[in-house]
>>> print(open('my_file17.tsv').read())   # TSV, C-alpha atoms and all ligand atoms
chain	number	residue	atom	x	y	z
A	1	VAL	CA	-15.06	-20.43	-3.78
A	2	THR	CA	-13.64	-17.40	-5.55
A	3	ALA	CA	-13.08	-17.64	-9.28
A	4	LEU	CA	-9.94	-16.41	-11.00
A	5	MET	CA	-10.08	-12.87	-12.30
A	6	ARG	CA	-8.23	-11.93	-15.45
A	7	PHE	CA	-7.63	-8.64	-17.19
A	8	ASP	CA	-4.87	-6.96	-19.15
A	9	VAL	CA	-2.77	-3.90	-18.46
A	10	THR	CA	-3.35	-2.38	-21.89
A	11	THR	CA	0.20	-1.24	-22.43
A	12	GLU	CA	2.10	-2.23	-25.58
A	13	PRO	CA	2.71	-5.17	-25.24
A	14	ARG	CA	-0.24	-6.07	-23.05
A	15	CYS	CA	0.40	-7.51	-19.62
A	16	PRO	CA	-2.12	-10.12	-18.44
A	17	VAL	CA	-2.99	-10.03	-14.74
A	18	VAL	CA	-4.45	-13.13	-13.06
A	19	ILE	CA	-5.79	-12.82	-9.51
A	20	GLY	CA	-7.28	-15.44	-7.23
A	21	PRO	CA	-6.79	-18.85	-5.64
A	22	GLY	CA	-4.60	-21.05	-7.81
A	23	ALA	CA	-3.45	-18.25	-10.13
A	24	LEU	CA	0.00	-19.89	-10.18
A	25	GLY	CA	-1.55	-22.59	-12.33
A	26	ALA	CA	-0.97	-20.23	-15.26
A	27	LEU	CA	2.80	-20.38	-14.68
A	28	ALA	CA	3.45	-23.38	-16.92
A	29	GLY	CA	2.00	-21.65	-19.97
A	30	PHE	CA	4.32	-18.67	-19.59
A	31	ARG	CA	7.35	-20.86	-18.91
A	32	ALA	CA	6.67	-22.81	-22.08
A	33	GLN	CA	7.16	-19.66	-24.15
A	34	HIS	CA	10.75	-19.22	-22.96
A	35	SER	CA	14.06	-21.01	-23.47
A	36	ALA	CA	14.54	-21.38	-19.68
A	37	SER	CA	13.04	-20.06	-16.44
A	38	PHE	CA	14.89	-18.90	-13.36
A	39	PHE	CA	13.13	-18.26	-10.05
A	40	VAL	CA	13.94	-15.57	-7.49
A	41	SER	CA	12.48	-15.83	-3.99
A	42	ASP	CA	13.38	-15.65	-0.31
A	43	ALA	CA	13.76	-18.43	2.26
A	44	THR	CA	10.43	-17.70	3.96
A	45	VAL	CA	8.39	-17.78	0.77
A	46	ALA	CA	10.36	-20.74	-0.57
A	47	LEU	CA	9.67	-22.73	2.60
A	48	GLN	CA	5.98	-21.84	2.85
A	49	HIS	CA	5.01	-21.88	-0.81
A	50	GLY	CA	7.84	-23.33	-2.89
A	51	GLY	CA	5.92	-26.61	-3.04
A	52	ARG	CA	3.15	-24.96	-5.07
A	53	ILE	CA	5.52	-24.57	-8.01
A	54	GLY	CA	8.06	-27.30	-7.31
A	55	LEU	CA	10.70	-24.67	-6.58
A	56	ASP	CA	13.25	-27.12	-5.14
A	57	ALA	CA	13.71	-28.81	-8.48
A	58	LEU	CA	13.90	-25.57	-10.49
A	59	PRO	CA	16.87	-23.24	-11.02
A	60	HIS	CA	16.50	-20.54	-8.37
A	61	HIS	CA	18.24	-17.96	-6.22
A	62	LEU	CA	17.15	-16.97	-2.71
A	63	LEU	CA	17.57	-13.40	-1.52
A	64	PRO	CA	17.31	-12.30	2.11
A	65	ALA	CA	13.71	-11.67	3.20
A	66	GLY	CA	12.41	-8.12	3.17
A	67	GLU	CA	14.13	-4.85	2.32
A	68	ALA	CA	17.59	-6.41	2.86
A	69	ALA	CA	17.23	-7.95	-0.62
A	70	LYS	CA	17.24	-4.53	-2.23
A	71	SER	CA	20.96	-3.72	-2.36
A	72	LEU	CA	23.43	-3.41	-5.21
A	73	GLY	CA	25.42	-6.26	-3.65
A	74	ARG	CA	22.41	-8.62	-3.71
A	75	LEU	CA	21.60	-7.49	-7.23
A	76	GLU	CA	25.12	-8.31	-8.37
A	77	ALA	CA	24.98	-11.79	-6.81
A	78	LEU	CA	21.64	-12.41	-8.51
A	79	LEU	CA	22.99	-11.30	-11.90
A	80	GLU	CA	25.94	-13.67	-11.48
A	81	ALA	CA	23.46	-16.46	-10.68
A	82	LEU	CA	21.54	-15.73	-13.89
A	83	ALA	CA	24.78	-15.91	-15.83
A	84	ALA	CA	25.86	-19.12	-14.07
A	85	ALA	CA	22.50	-20.66	-15.01
A	86	ARG	CA	23.36	-19.74	-18.64
A	87	LEU	CA	20.18	-17.80	-19.24
A	88	ASP	CA	19.96	-16.30	-22.71
A	89	ARG	CA	17.97	-13.46	-24.25
A	90	ARG	CA	14.88	-15.64	-24.56
A	91	SER	CA	14.91	-16.77	-20.92
A	92	LEU	CA	12.46	-15.81	-18.19
A	93	VAL	CA	13.05	-14.53	-14.67
A	94	VAL	CA	10.20	-15.35	-12.28
A	95	ALA	CA	9.87	-13.19	-9.16
A	96	PHE	CA	8.18	-15.26	-6.43
A	97	GLY	CA	7.74	-13.21	-3.27
A	98	GLY	CA	6.79	-9.81	-1.92
A	99	GLY	CA	7.55	-6.41	-3.33
A	100	SER	CA	11.20	-6.58	-2.31
A	101	ILE	CA	11.79	-9.74	-4.34
A	102	GLY	CA	9.78	-8.29	-7.24
A	103	ASP	CA	11.83	-5.09	-7.26
A	104	VAL	CA	15.24	-6.81	-7.31
A	105	ALA	CA	14.26	-9.61	-9.67
A	106	GLY	CA	12.67	-7.07	-12.02
A	107	LEU	CA	15.80	-4.95	-12.01
A	108	ALA	CA	18.06	-7.97	-12.57
A	109	ALA	CA	15.90	-9.03	-15.52
A	110	ALA	CA	16.06	-5.50	-16.92
A	111	LEU	CA	19.88	-5.48	-16.75
A	112	TYR	CA	20.79	-9.04	-17.71
A	113	MET	CA	21.81	-9.05	-21.38
A	114	ARG	CA	20.24	-5.58	-21.62
A	115	GLY	CA	16.86	-6.93	-20.65
A	116	ILE	CA	15.08	-10.28	-20.53
A	117	ALA	CA	11.50	-11.11	-19.62
A	118	VAL	CA	10.26	-11.06	-16.03
A	119	LEU	CA	7.08	-12.64	-14.67
A	120	GLN	CA	5.80	-11.26	-11.38
A	121	CYS	CA	4.28	-13.77	-8.95
A	122	PRO	CA	3.52	-11.64	-5.85
A	123	THR	CA	2.93	-13.33	-2.49
A	124	THR	CA	2.10	-10.37	-0.23
A	125	LEU	CA	-1.04	-8.25	-0.21
A	126	LEU	CA	1.03	-5.15	-0.94
A	127	ALA	CA	2.73	-6.74	-3.92
A	128	MET	CA	-0.54	-8.11	-5.35
A	129	ALA	CA	-2.42	-4.85	-4.91
A	130	ASP	CA	0.39	-2.57	-5.90
A	131	SER	CA	4.03	-3.30	-6.57
A	132	ALA	CA	3.80	-6.24	-9.01
A	133	ILE	CA	1.91	-4.08	-11.49
A	134	GLY	CA	3.41	-1.15	-13.33
A	135	GLY	CA	6.97	-2.12	-14.10
A	136	LYS	CA	8.87	-0.09	-11.52
A	137	THR	CA	11.99	-1.86	-10.25
A	138	ALA	CA	14.68	-0.64	-7.87
A	139	VAL	CA	17.29	-1.29	-5.23
A	140	ASP	CA	18.18	1.05	-2.38
A	141	LEU	CA	21.30	3.20	-2.06
A	142	ALA	CA	22.84	4.43	1.18
A	143	ALA	CA	21.45	7.83	0.16
A	144	GLY	CA	17.87	6.56	0.09
A	145	LYS	CA	15.27	3.96	-0.84
A	146	ASN	CA	14.61	2.98	-4.46
A	147	LEU	CA	17.23	5.39	-5.81
A	148	ALA	CA	18.64	2.97	-8.42
A	149	GLY	CA	16.11	1.40	-10.74
A	150	VAL	CA	14.44	1.31	-14.13
A	151	PHE	CA	11.01	0.70	-15.63
A	152	HIS	CA	10.78	-2.92	-16.76
A	153	PRO	CA	7.18	-4.12	-17.14
A	154	PRO	CA	6.52	-7.82	-16.48
A	155	ILE	CA	5.17	-10.09	-19.22
A	156	ALA	CA	2.37	-11.04	-16.78
A	157	VAL	CA	1.34	-10.90	-13.12
A	158	LEU	CA	0.08	-14.03	-11.34
A	159	ALA	CA	-1.33	-13.11	-7.94
A	160	ASP	CA	-2.20	-16.40	-6.24
A	161	THR	CA	-4.28	-15.39	-3.23
A	162	ASP	CA	-3.81	-18.84	-1.66
A	163	THR	CA	-0.31	-17.73	-0.70
A	164	LEU	CA	-1.73	-14.98	1.53
A	165	ALA	CA	-2.85	-17.54	4.14
A	166	THR	CA	0.62	-17.50	5.74
A	167	LEU	CA	1.17	-13.76	5.61
A	168	PRO	CA	1.97	-12.38	9.11
A	169	ALA	CA	-0.78	-10.09	10.47
A	170	GLU	CA	1.52	-7.08	10.39
A	171	GLN	CA	2.20	-7.56	6.67
A	172	LEU	CA	-1.49	-8.03	5.95
A	173	VAL	CA	-2.43	-4.85	7.80
A	174	ALA	CA	0.33	-2.92	6.02
A	175	GLY	CA	-1.08	-4.04	2.67
A	176	LEU	CA	-4.46	-2.73	3.75
A	177	GLY	CA	-2.92	0.76	3.95
A	178	GLU	CA	-2.37	0.63	0.17
A	179	VAL	CA	-5.80	-0.92	-0.34
A	180	LEU	CA	-7.40	2.02	1.45
A	181	LYS	CA	-5.34	4.41	-0.68
A	182	CYS	CA	-6.66	2.71	-3.82
A	183	ALA	CA	-10.24	2.81	-2.54
A	184	LEU	CA	-9.96	6.56	-1.97
A	185	LEU	CA	-8.65	6.97	-5.51
A	186	ALA	CA	-11.16	4.59	-7.07
A	187	GLY	CA	-14.39	6.01	-5.66
A	188	GLU	CA	-17.33	5.64	-3.32
A	189	GLY	CA	-18.16	2.04	-4.29
A	190	GLU	CA	-14.69	0.77	-3.42
A	191	LEU	CA	-14.57	2.80	-0.22
A	192	VAL	CA	-17.90	1.38	0.90
A	193	PHE	CA	-16.64	-2.13	0.09
A	194	VAL	CA	-13.67	-1.63	2.40
A	195	GLU	CA	-15.95	-0.19	5.09
A	196	GLN	CA	-18.35	-3.09	4.86
A	197	HIS	CA	-15.63	-5.74	4.77
A	198	ALA	CA	-13.07	-4.21	7.13
A	199	GLN	CA	-13.26	-7.11	9.55
A	200	GLU	CA	-12.94	-9.80	6.84
A	201	LEU	CA	-10.05	-7.98	5.21
A	202	ARG	CA	-8.22	-7.60	8.49
A	203	SER	CA	-8.69	-11.24	9.39
A	204	GLY	CA	-7.39	-12.38	6.02
A	205	ASP	CA	-10.61	-13.62	4.43
A	206	GLY	CA	-9.60	-14.87	0.99
A	207	ALA	CA	-12.68	-13.74	-0.93
A	208	ALA	CA	-12.65	-10.21	0.51
A	209	LEU	CA	-8.91	-9.90	-0.13
A	210	ALA	CA	-9.26	-11.11	-3.72
A	211	ARG	CA	-11.89	-8.48	-4.41
A	212	ALA	CA	-9.82	-5.73	-2.84
A	213	ILE	CA	-6.73	-6.82	-4.78
A	214	GLU	CA	-8.78	-6.80	-7.94
A	215	PHE	CA	-9.99	-3.22	-7.61
A	216	CYS	CA	-6.51	-2.02	-6.61
A	217	ALA	CA	-4.82	-3.85	-9.45
A	218	ARG	CA	-7.43	-2.68	-11.98
A	219	LEU	CA	-7.05	0.91	-10.84
A	220	LYS	CA	-3.28	0.77	-11.05
A	221	ALA	CA	-3.38	-1.03	-14.39
A	222	ALA	CA	-5.66	1.60	-15.91
A	223	ILE	CA	-3.52	4.48	-14.66
A	224	VAL	CA	-0.26	2.82	-15.70
A	225	ALA	CA	-1.60	2.10	-19.18
A	226	ARG	CA	-2.33	5.80	-19.66
A	227	ASP	CA	0.88	7.04	-18.00
A	228	PRO	CA	3.53	4.29	-17.84
A	229	ARG	CA	6.41	6.63	-16.96
A	230	GLU	CA	4.72	8.73	-14.29
A	231	ALA	CA	4.72	11.89	-16.37
A	232	GLY	CA	1.36	12.96	-14.97
A	233	GLU	CA	-1.65	10.91	-13.95
A	234	ARG	CA	0.37	8.12	-12.33
A	235	LYS	CA	1.38	10.58	-9.62
A	236	ARG	CA	-2.14	10.11	-8.20
A	237	LEU	CA	-0.97	6.76	-6.88
A	238	ASN	CA	1.34	8.63	-4.52
A	239	LEU	CA	-1.62	9.69	-2.38
A	240	GLY	CA	-0.44	9.64	1.23
A	241	HIS	CA	3.12	8.88	0.16
A	242	THR	CA	4.87	12.21	0.74
A	243	PHE	CA	3.91	11.83	4.39
A	244	ALA	CA	4.66	8.11	4.38
A	245	HIS	CA	8.18	8.47	3.02
A	246	ALA	CA	8.98	11.14	5.59
A	247	ILE	CA	7.54	8.98	8.39
A	248	GLU	CA	9.59	5.96	7.30
A	249	LYS	CA	12.76	8.01	7.04
A	250	VAL	CA	12.40	9.79	10.39
A	251	ALA	CA	11.44	6.57	12.21
A	252	GLY	CA	14.44	4.82	10.64
A	253	TYR	CA	13.81	2.56	7.64
A	254	GLY	CA	12.31	-0.77	8.60
A	255	ARG	CA	10.76	0.40	11.87
A	256	ILE	CA	7.34	1.24	10.47
A	257	PRO	CA	6.05	-0.88	7.56
A	258	HIS	CA	5.54	1.17	4.40
A	259	GLY	CA	1.83	0.40	4.10
A	260	VAL	CA	1.24	1.41	7.73
A	261	ALA	CA	2.99	4.72	7.04
A	262	VAL	CA	0.85	5.19	3.93
A	263	GLY	CA	-2.29	4.53	5.96
A	264	CYS	CA	-1.32	7.24	8.42
A	265	GLY	CA	-0.44	9.55	5.52
A	266	LEU	CA	-4.03	9.24	4.31
A	267	ALA	CA	-5.25	10.67	7.61
A	268	LEU	CA	-2.92	13.68	7.48
A	269	LEU	CA	-5.08	15.69	5.16
A	270	PRO	CA	-6.65	19.05	5.73
A	271	ASP	CA	-10.24	18.11	4.81
A	272	GLY	CA	-12.76	17.61	7.61
A	273	ALA	CA	-15.47	15.14	6.64
A	274	LEU	CA	-13.35	12.80	4.52
A	275	VAL	CA	-10.58	12.69	7.10
A	276	GLU	CA	-12.98	11.57	9.82
A	277	ARG	CA	-14.23	8.75	7.61
A	278	VAL	CA	-10.68	7.71	6.76
A	279	ARG	CA	-9.61	7.77	10.42
A	280	ALA	CA	-12.50	5.57	11.50
A	281	LEU	CA	-11.69	3.09	8.75
A	282	LEU	CA	-7.96	3.05	9.54
A	283	ALA	CA	-8.77	2.08	13.11
A	284	ARG	CA	-11.05	-0.75	12.00
A	285	LEU	CA	-8.37	-2.06	9.61
A	286	GLY	CA	-5.81	-2.19	12.42
A	287	LEU	CA	-3.86	0.78	11.05
A	288	CYS	CA	-2.74	3.95	12.81
A	289	ALA	CA	-4.91	7.02	12.28
A	290	SER	CA	-2.49	9.62	13.66
A	291	LEU	CA	1.20	10.32	14.06
A	292	ARG	CA	0.87	10.11	17.83
A	293	GLU	CA	-0.60	6.62	17.52
A	294	LEU	CA	2.30	5.58	15.27
A	295	GLU	CA	4.78	6.96	17.80
A	296	GLN	CA	3.21	4.86	20.54
A	297	ARG	CA	2.80	1.61	18.63
A	298	TYR	CA	6.32	1.62	17.18
A	299	ALA	CA	8.10	3.43	20.03
A	300	VAL	CA	9.53	6.13	17.76
A	301	ALA	CA	9.54	9.93	17.81
A	302	LEU	CA	8.04	11.71	14.79
A	303	PRO	CA	8.50	15.42	15.48
A	304	ALA	CA	7.00	17.83	12.96
A	305	ALA	CA	10.31	19.59	12.25
A	306	ALA	CA	12.08	16.34	11.35
A	307	LEU	CA	9.18	15.23	9.12
A	308	ILE	CA	9.18	18.55	7.27
A	309	GLU	CA	12.93	18.34	6.80
A	310	ALA	CA	12.57	14.81	5.41
A	311	MET	CA	9.84	15.93	2.99
A	312	ARG	CA	12.05	18.67	1.62
A	313	SER	CA	14.56	16.05	0.46
A	314	ASP	CA	11.97	13.60	-0.96
A	315	LYS	CA	12.98	12.49	-4.44
A	316	LYS	CA	9.48	13.18	-5.80
A	317	GLY	CA	9.58	16.78	-4.63
A	318	VAL	CA	10.72	19.80	-6.52
A	319	ARG	CA	13.84	20.50	-4.48
A	320	GLY	CA	13.04	22.15	-1.17
A	321	SER	CA	9.29	22.24	-1.64
A	322	PRO	CA	7.39	19.02	-0.85
A	323	ARG	CA	4.61	18.06	-3.26
A	324	PHE	CA	1.44	16.32	-2.16
A	325	VAL	CA	-1.43	14.44	-3.73
A	326	LEU	CA	-4.49	15.93	-2.09
A	327	PRO	CA	-8.06	14.57	-2.25
A	328	THR	CA	-10.69	16.99	-3.42
A	329	GLY	CA	-13.40	14.38	-2.90
A	330	ILE	CA	-13.80	10.60	-2.96
A	331	GLY	CA	-12.19	9.31	-6.13
A	332	GLU	CA	-10.84	12.76	-6.92
A	333	VAL	CA	-7.37	14.04	-6.17
A	334	LEU	CA	-5.02	16.78	-7.31
A	335	ALA	CA	-1.36	15.84	-7.70
A	336	ASP	CA	1.66	18.14	-7.37
A	337	GLN	CA	0.15	20.34	-4.70
A	338	GLY	CA	2.10	22.42	-2.21
A	339	LEU	CA	0.98	23.03	1.36
A	340	ARG	CA	1.67	26.22	3.26
A	341	ASP	CA	4.22	25.80	6.08
A	342	ALA	CA	1.69	26.78	8.71
A	343	GLN	CA	-0.84	24.24	7.38
A	344	LEU	CA	1.76	21.50	7.31
A	345	LEU	CA	2.94	22.26	10.82
A	346	GLU	CA	-0.64	22.16	12.08
A	347	VAL	CA	-1.34	18.77	10.50
A	348	LEU	CA	1.92	17.28	11.77
A	349	SER	CA	1.65	18.66	15.30
A	350	ALA	CA	-1.95	17.58	15.91
A	351	PRO	CA	-2.38	15.62	19.16
A	401	LIG	N1	7.80	-1.46	-7.67
A	401	LIG	C1	6.79	-0.81	-7.15
A	401	LIG	O1	5.99	-0.20	-7.85
A	401	LIG	C2	6.61	-0.83	-5.67
A	401	LIG	C3	5.42	-0.35	-5.11
A	401	LIG	C4	5.25	-0.45	-3.74
A	401	LIG	C5	6.25	-1.00	-2.96
A	401	LIG	N2	7.39	-1.46	-3.53
A	401	LIG	C6	8.45	-2.06	-2.71
A	401	LIG	O2	7.96	-3.27	-2.14
A	401	LIG	C7	8.71	-3.55	-0.96
A	401	LIG	C8	7.79	-4.06	0.11
A	401	LIG	O3	7.18	-5.24	-0.34
A	401	LIG	P1	6.24	-6.13	0.58
A	401	LIG	O4	5.43	-5.26	1.46
A	401	LIG	O5	5.55	-7.04	-0.34
A	401	LIG	O6	7.21	-6.86	1.57
A	401	LIG	P2	8.53	-7.73	1.35
A	401	LIG	O7	8.68	-8.19	-0.02
A	401	LIG	O8	9.65	-6.92	1.91
A	401	LIG	O9	8.24	-8.98	2.27
A	401	LIG	C9	7.98	-8.79	3.64
A	401	LIG	C10	8.11	-10.10	4.41
A	401	LIG	O10	7.01	-10.96	4.09
A	401	LIG	C11	7.49	-12.27	3.84
A	401	LIG	N3	6.52	-12.92	2.96
A	401	LIG	C12	6.28	-12.66	1.66
A	401	LIG	N4	5.26	-13.40	1.22
A	401	LIG	C13	4.85	-14.17	2.26
A	401	LIG	C14	3.82	-15.12	2.44
A	401	LIG	N5	2.96	-15.40	1.45
A	401	LIG	N6	3.71	-15.73	3.65
A	401	LIG	C15	4.53	-15.40	4.66
A	401	LIG	N7	5.50	-14.49	4.56
A	401	LIG	C16	5.65	-13.87	3.37
A	401	LIG	C17	8.86	-12.06	3.27
A	401	LIG	O11	9.65	-13.20	3.43
A	401	LIG	C18	9.36	-10.88	4.09
A	401	LIG	O12	9.89	-11.33	5.29
A	401	LIG	C19	9.43	-2.25	-0.60
A	401	LIG	O13	10.80	-2.41	-0.85
A	401	LIG	C20	8.84	-1.23	-1.55
A	401	LIG	O14	9.78	-0.22	-1.90
A	401	LIG	C21	7.58	-1.39	-4.87
A	402	ZN	ZN	3.29	2.62	-1.50
>>> encode(input="my_file17.tsv", output="structure tokens")
Amino acid sequence: VTALMRFDVTTEPRCPVVIGPGALGALAGFRAQHSASFFVSDATVALQHGGRIGLDALPHHLLPAGEAAKSLGRLEALLEALAAARLDRRSLVVAFGGGSIGDVAGLAAALYMRGIAVLQCPTTLLAMADSAIGGKTAVDLAAGKNLAGVFHPPIAVLADTDTLATLPAEQLVAGLGEVLKCALLAGEGELVFVEQHAQELRSGDGAALARAIEFCARLKAAIVARDPREAGERKRLNLGHTFAHAIEKVAGYGRIPHGVAVGCGLALLPDGALVERVRALLARLGLCASLRELEQRYAVALPAAALIEAMRSDKKGVRGSPRFVLPTGIGEVLADQGLRDAQLLEVLSAP
């Protein structure tokens, strides 16, 4: 039996994070501090896990599952639902789902009456390890993903690892891409943990997942507390992401799961020994260790020229010149790095 883990994101105000089986038990205490609570979820999560919180009997709004939730139209409908439920400034929005639900519910809470409280209750590995922490919210525009959003930190994060039992294998594996990213940022101990527990993690073992979520969430919490607005250090968390965003865009959004693209992005680095170790681990986690493997598994074409073009228009880049987070060792990275065209072409064209 795994015990609950608790720590705070030491921002002002502090944001408690609870991770482990039964973490949703803490929900009642947070609800009691608010005039009313309104739940946001999707039909899949509601069906599989709504019973854990008695969702049926609570005021709630269901968004479409996945990225389809993240549109201005869905945001508008959700805001109207908050108004129809007569929420006031002291009310609470509870996001109950994956990162997509968390992003839209967080943004709706930030906008409604100029900002009411949001509680993040993530139900995917990716959301527990990454997106529920740190206060970024967004919806997508036709021009690109996450282009309309604000920072709106949650009052708390309740990551109930019992909900992961129903997560489809593809979603689990995608989350492991972000877990590996965090391990590389955190250090040798975390990387060795992932290496030694690759099989358990991949097969959804609750105890192994809870530990991985904990080190990811702690790492993100520490970085976010020091740099809440991504002025500097928080950029480290974008390790692998310049490549990932380009891969997702060129493949066509939705074809390749974000975490899978991130995993591949971690292997596209010009450093010999570390890259070999990362590739071996990616394979054991069920992720793709090269662009050619991604092309095969998802039946897409990822030509170097198209990837480079996509990177030039990445919103995190200085216009025209893609920026990368590059590892200089395990647990050590440099953000805001450029790569020479020839180097980039070599990495992206490798067989
Ligand atoms: N705000 C941030 O800092 C941040 C960080 C990373 C990613 N994101 C965003 O998160 C989104 C991706 O989130 P995600 O990977 O969690 O996926 P998701 O929220 O899109 O959900 C994926 C699918 O999993 C299903 N699902 C969720 N929980 C389940 C469960 N317990 N059992 C069975 N099915 C379940 C959903 O219904 C959906 O079909 C992207 O839009 C991304 O931009 C945000
Ligand atoms: Zn990511």
>>> closest_residue(input="my_file17.tsv", among="A:Asp314, A:Asp8, A:Glu200, A:Glu309", to="Val157 of chain A", atoms="only C-alpha atoms")
A:Asp8
>>> atom_distance(input="my_file17.tsv", atom1="atom CA of Val179 of chain A", atom2="atom CA of Leu75 of chain A")
29.0 Å
>>> atom_distance(input="my_file17.tsv", atom1="atom O11 of ligand LIG 401 (chain A)", atom2="atom CA of Ala43 of chain A")
6.8 Å
>>> residues_near_ligand(input="my_file17.tsv", ligand="ligand LIG 401 (chain A)", cutoff="6 Å", atoms="only C-alpha atoms and all ligand atoms", output="compact mmCIF listing (two decimals) with C-alpha atoms, in the frame of the given file")
# COMPACT_ATOMS: atom_id res chain seq x y z
CA ASP A 42 13.38 -15.65 -0.31
CA THR A 44 10.43 -17.70 3.96
CA VAL A 45 8.39 -17.78 0.77
CA ALA A 65 13.71 -11.67 3.20
CA GLY A 66 12.41 -8.12 3.17
CA GLU A 67 14.13 -4.85 2.32
CA GLY A 97 7.74 -13.21 -3.27
CA GLY A 98 6.79 -9.81 -1.92
CA GLY A 99 7.55 -6.41 -3.33
CA SER A 100 11.20 -6.58 -2.31
CA ILE A 101 11.79 -9.74 -4.34
CA ASP A 103 11.83 -5.09 -7.26
CA THR A 123 2.93 -13.33 -2.49
CA THR A 124 2.10 -10.37 -0.23
CA LEU A 126 1.03 -5.15 -0.94
CA ALA A 127 2.73 -6.74 -3.92
CA ASP A 130 0.39 -2.57 -5.90
CA SER A 131 4.03 -3.30 -6.57
CA LYS A 136 8.87 -0.09 -11.52
CA THR A 137 11.99 -1.86 -10.25
CA THR A 163 -0.31 -17.73 -0.70
CA LEU A 164 -1.73 -14.98 1.53
CA THR A 166 0.62 -17.50 5.74
CA LEU A 167 1.17 -13.76 5.61
CA PRO A 168 1.97 -12.38 9.11
>>> residues_around(input="my_file17.tsv", residues="Gly106 of chain A", least_positions_apart="6", cutoff="10 Å", atoms="only C-alpha atoms", output="MDAnalysis selection string")
chainID A and resid 40 93:95 100 115:120 132 135:138 149:154
>>> atom_distance(input="my_file17.tsv", atom1="atom CA of Ala210 of chain A", atom2="atom CA of Leu266 of chain A")
22.5 Å
>>> residues_near_point(input="my_file17.tsv", point="(14.5, -13.6, -19.7)", cutoff="12 Å", atoms="all atoms listed in the file", output="MDAnalysis selection string")
chainID A and resid 30:31 33:39 79 82:83 85:95 105:119 152 154:155
>>> residues_around(input="my_file17.tsv", residues="segment 337-346 of chain A", least_positions_apart="4", cutoff="9 Å", atoms="only C-alpha atoms", output="number ranges by chain")
A: 270, 304-305, 308, 321-326, 350
>>> closest_residue(input="my_file17.tsv", among="A:Leu239, A:Val104, A:Leu291, A:Ala165", to="ligand ZN 402 (chain A)", atoms="all atoms listed in the file")
A:Leu239
>>> closest_residue(input="my_file17.tsv", among="A:His49, A:Arg74, A:His241, A:Lys235", to="ligand ZN 402 (chain A)", atoms="only C-alpha atoms and all ligand atoms")
A:His241
>>> closest_residue(input="my_file17.tsv", among="A:Leu285, A:Val224, A:Ala246, A:Ala156", to="Arg312 of chain A", atoms="only C-alpha atoms")
A:Ala246
